[in-house]
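Trainee: Compact mmCIF, C-alpha atoms, file my_file.txt:
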```txt
# COMPACT_ATOMS: atom_id res chain seq x y z
CA MET A 1238 0.00 0.00 0.00
CA ALA A 1239 2.94 2.31 0.60
CA ASP A 1240 3.90 2.07 -3.06
CA LYS A 1241 0.41 3.13 -4.11
CA LEU A 1242 0.47 6.02 -1.65
CA ASP A 1243 3.85 7.19 -2.94
CA ARG A 1244 2.59 6.95 -6.52
CA VAL A 1245 -0.54 8.98 -5.69
CA ILE A 1246 1.48 11.67 -3.90
CA GLY A 1247 3.91 11.78 -6.82
CA ASP A 1248 1.07 12.04 -9.34
CA TYR A 1249 -0.45 14.90 -7.34
CA VAL A 1250 2.79 16.83 -6.89
CA ASN A 1251 3.83 16.40 -10.53
CA GLY A 1252 0.39 17.35 -11.88
CA ARG A 1253 -0.50 13.99 -13.37
CA LEU A 1254 -3.77 13.77 -11.39
CA ASP A 1255 -4.92 17.06 -12.88
CA ALA A 1256 -3.92 15.82 -16.34
CA LYS A 1257 -5.97 12.64 -15.85
CA ILE A 1258 -8.99 14.74 -14.83
CA LYS A 1259 -8.61 16.98 -17.89
CA SER A 1260 -8.26 13.93 -20.12
CA ILE A 1261 -11.49 12.37 -18.83
CA GLU A 1262 -13.33 15.68 -19.13
CA SER A 1263 -12.17 16.22 -22.69
CA ARG A 1264 -13.16 12.67 -23.59
CA TYR A 1265 -16.74 13.52 -22.65
CA LEU A 1266 -16.92 17.14 -23.80
CA TYR A 1267 -15.34 16.70 -27.21
CA ARG A 1268 -16.83 13.35 -28.17
CA GLN A 1269 -17.42 12.95 -31.89
CA LYS A 1270 -20.06 10.77 -33.41
CA VAL A 1271 -18.85 7.77 -35.41
CA ASP A 1272 -21.06 5.84 -37.80
CA ASN A 1273 -21.05 2.07 -38.20
CA LEU A 1274 -18.20 2.21 -40.74
CA GLY A 1275 -15.88 4.04 -38.34
CA ILE A 1276 -16.20 7.35 -40.16
CA ARG A 1277 -16.91 10.53 -38.26
CA THR A 1278 -20.24 11.93 -39.30
CA ALA A 1279 -21.58 15.45 -39.18
CA TYR A 1280 -25.16 14.44 -38.45
CA SER A 1281 -26.06 11.56 -36.19
CA GLY A 1282 -29.81 11.99 -36.03
CA GLY A 1283 -29.83 13.83 -32.68
CA SER A 1284 -29.48 17.45 -31.81
CA GLU A 1285 -26.07 18.79 -30.82
CA PRO A 1286 -27.23 20.55 -27.61
CA GLU A 1287 -29.01 17.39 -26.50
CA SER A 1288 -25.91 15.26 -26.98
CA ASN A 1289 -23.80 17.85 -25.12
CA VAL A 1290 -26.16 17.69 -22.14
CA LEU A 1291 -26.10 13.88 -22.19
CA ASN A 1292 -22.30 13.87 -22.36
CA LYS A 1293 -22.06 16.27 -19.40
CA GLU A 1294 -24.44 14.11 -17.37
CA ALA A 1295 -22.40 11.02 -18.20
CA MET A 1296 -19.23 12.89 -17.21
CA GLU A 1297 -20.68 13.86 -13.82
CA ASN A 1298 -21.56 10.20 -13.17
CA ASP A 1299 -18.14 8.84 -14.15
CA GLU A 1300 -16.79 6.97 -11.10
CA GLU A 1301 -13.13 7.45 -11.97
CA LEU A 1302 -13.59 11.20 -12.43
CA ILE A 1303 -15.42 11.49 -9.10
CA ARG A 1304 -12.66 9.52 -7.36
CA LEU A 1305 -9.88 11.63 -8.89
CA ARG A 1306 -11.58 14.92 -8.02
CA GLU A 1307 -12.08 13.77 -4.41
CA LEU A 1308 -8.45 12.65 -4.23
CA VAL A 1309 -7.20 16.03 -5.46
CA ARG A 1310 -9.50 17.85 -3.04
CA LEU A 1311 -8.22 15.86 -0.05
CA LEU A 1312 -4.59 16.21 -1.07
CA ASP A 1313 -5.09 19.97 -1.49
CA ILE A 1314 -6.42 20.15 2.06
CA TRP A 1315 -3.29 18.48 3.46
CA TYR A 1316 -0.58 19.72 1.07
CA LEU A 1317 -1.30 23.42 0.53
CA PRO A 1318 -1.19 24.56 4.20
CA LEU A 1319 2.30 23.09 4.70
CA VAL A 1320 5.30 25.32 5.23
CA ASP A 1321 7.22 26.08 2.02
CA SER A 1322 10.23 24.00 3.05
CA GLU A 1323 8.03 20.96 3.80
CA ARG A 1324 6.23 21.33 0.47
CA GLU A 1325 9.58 21.53 -1.30
CA VAL A 1326 10.81 18.37 0.47
CA ILE A 1327 7.68 16.45 -0.57
CA LYS A 1328 7.89 17.79 -4.11
CA LEU A 1329 11.55 16.86 -4.50
CA LYS A 1330 11.13 13.43 -2.92
CA CYS A 1331 8.27 12.56 -5.31
CA GLU A 1332 9.70 14.21 -8.42
CA GLY A 1333 9.58 12.14 -11.58
CA TYR A 1334 8.07 8.68 -11.73
CA SER A 1335 10.19 6.87 -9.16
CA GLY A 1336 11.12 9.74 -6.85
CA ARG A 1337 14.55 10.83 -5.74
CA TYR A 1338 16.95 9.46 -3.18
CA TRP A 1339 17.31 11.40 0.04
CA TYR A 1340 20.84 12.59 -0.76
CA GLN A 1341 19.52 14.06 -4.04
CA VAL A 1342 16.71 15.81 -2.17
CA MET A 1343 19.20 17.29 0.29
CA GLN A 1344 21.49 18.46 -2.53
CA GLU A 1345 18.59 20.23 -4.26
CA LEU A 1346 17.49 21.85 -1.00
CA ASP A 1347 21.03 23.10 -0.40
CA ALA A 1348 21.22 24.41 -3.96
CA THR A 1349 17.97 26.36 -3.53
CA GLY A 1350 19.11 27.76 -0.19
CA ILE A 1351 16.65 25.95 2.07
CA GLU A 1352 18.39 25.11 5.35
CA ILE A 1353 16.87 21.92 6.75
CA THR A 1354 18.45 18.80 8.20
CA GLN A 1355 17.90 15.43 6.60
CA LYS A 1356 16.25 14.13 9.76
CA LYS A 1357 13.75 16.97 9.72
CA ALA A 1358 13.13 16.53 5.99
CA LYS A 1359 12.43 12.82 6.40
CA SER A 1360 10.22 13.53 9.38
CA ALA A 1361 8.15 16.04 7.39
CA TYR A 1362 7.73 13.63 4.47
CA TYR A 1363 6.80 10.58 6.52
CA ARG A 1364 4.49 12.61 8.77
CA PHE A 1365 2.66 13.88 5.69
CA ARG A 1366 2.29 10.33 4.36
CA LYS A 1367 1.02 9.08 7.70
CA ASP A 1368 -1.46 11.94 8.07
CA ILE A 1369 -3.06 11.57 4.66
CA TYR A 1370 -3.09 7.78 4.51
CA SER A 1371 -6.21 7.33 6.64
CA HIS A 1372 -8.09 9.99 4.66
CA ILE A 1373 -7.31 8.77 1.15
CA SER A 1374 -6.88 5.01 1.64
CA HIS A 1375 -10.42 4.35 0.39
CA LEU A 1376 -9.65 6.23 -2.86
CA ILE A 1377 -6.42 4.44 -3.70
```
Give the structure from this file in structure tokens form.
Mentor:
Amino acid sequence: MADKLDRVIGDYVNGRLDAKIKSIESRYLYRQKVDNLGIRTAYSGGSEPESNVLNKEAMENDEELIRLRELVRLLDIWYLPLVDSEREVIKLKCEGYSGRYWYQVMQELDATGIEITQKKAKSAYYRFRKDIYSHISHLI
């Protein structure tokens, strides 16, 4: 479960959760009609406003979209109020797809001028993970 939690935090920090939400929304909002031959058609027999309303209703009932929006909302609640140095530690630790090693995180923090010990950095990261786990475990 820790791997899933790290992946979710990394996706949030790197903006991949927002990209997934936008992708699902665009899939519903910009859907094109295809006839039985696989050719896009200009007229499908229904009105355009009616199909837009139906697509928006289907989008609002999409379970994956609802789950992703709730996940982003909960992560915003826990991530945004953090102190800048703690946010930077979490961001650097989860950067990329597999994250960084702690020595790389500390080198980046030193390069940006943030004075924090490695023990305090690890404590901030693991405390954040522990705090959010109980709130988002049902969404993972």
Trainee: Between A:Trp1315, A:Trp1339, A:Tyr1334, A:Tyr1362, which has the minimum distance to Gly1252 (chain A) (counting all atoms listed in the file)?
Mentor: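 So, comparing all the options, the nearest one is A:Tyr1334.
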Trainee: Just the number, please: distance in Å from CA of Ala1348 (chain A) to CA of Lys1328 (chain A), one decimal.
Mentor: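 A separation of 14.9 Å between them.
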Trainee: Near Ile1314 (chain A), within 12 Å and counting only C-alpha atoms, which residues show up once chain neighbours fewer than 3 positions away are dropped, as a list in words?
Mentor: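 Contacts, with the query itself left out: Glu1307, Leu1308, Val1309, Arg1310, Leu1311, Leu1317, Pro1318, Leu1319, Phe1365, Asp1368, Ile1369, His1372 and Ile1373 of chain A.
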Trainee: List the neighbours of Ile1351 (chain A) out to 10 Å using only C-alpha atoms; skip same-chain residues closer than 2 positions along the sequence, and give me the result as a list in words.
Mentor: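 The residues that qualify are Asp1321, Ser1322, Glu1325, Val1326, Met1343, Glu1345, Leu1346, Asp1347, Ala1348, Thr1349, Ile1353 and Thr1354 of chain A.
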Trainee: Those same residues - C-alpha atoms - I'd like them written as a PDB file, keeping the file's coordinate frame.
Mentor:
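Output contents, as saved in part_36.pdb:
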```pdb
ATOM      1  CA  ASP A1321       7.220  26.080   2.020  1.00  0.00           C
ATOM      2  CA  SER A1322      10.230  24.000   3.050  1.00  0.00           C
ATOM      3  CA  GLU A1325       9.580  21.530  -1.300  1.00  0.00           C
ATOM      4  CA  VAL A1326      10.810  18.370   0.470  1.00  0.00           C
ATOM      5  CA  MET A1343      19.200  17.290   0.290  1.00  0.00           C
ATOM      6  CA  GLU A1345      18.590  20.230  -4.260  1.00  0.00           C
ATOM      7  CA  LEU A1346      17.490  21.850  -1.000  1.00  0.00           C
ATOM      8  CA  ASP A1347      21.030  23.100  -0.400  1.00  0.00           C
ATOM      9  CA  ALA A1348      21.220  24.410  -3.960  1.00  0.00           C
ATOM     10  CA  THR A1349      17.970  26.360  -3.530  1.00  0.00           C
ATOM     11  CA  ILE A1353      16.870  21.920   6.750  1.00  0.00           C
ATOM     12  CA  THR A1354      18.450  18.800   8.200  1.00  0.00           C
TER      13      THR A1354
END
```
Trainee: As an exercise, work out the distance from CA of Asn1251 (chain A) to CA of Arg1366 (chain A) in Å and give it to one decimal place.
Mentor: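 CA of Arg1366 (chain A) lies 16.2 Å from CA of Asn1251 (chain A).
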Trainee: Please list, as a PyMOL selection string, the residues that have an atom at most 12 Å away from (-8.4, 13.6, -20.2) in the coordinates of this file, counting only C-alpha atoms.
Mentor: chain A and resi 1253-1268+1296+1301-1302+1305
Trainee: Give me, please, the distance in Å between CA of Lys1330 (chain A) and CA of Leu1242 (chain A), quoted to one decimal.
Mentor: 13.0 Å
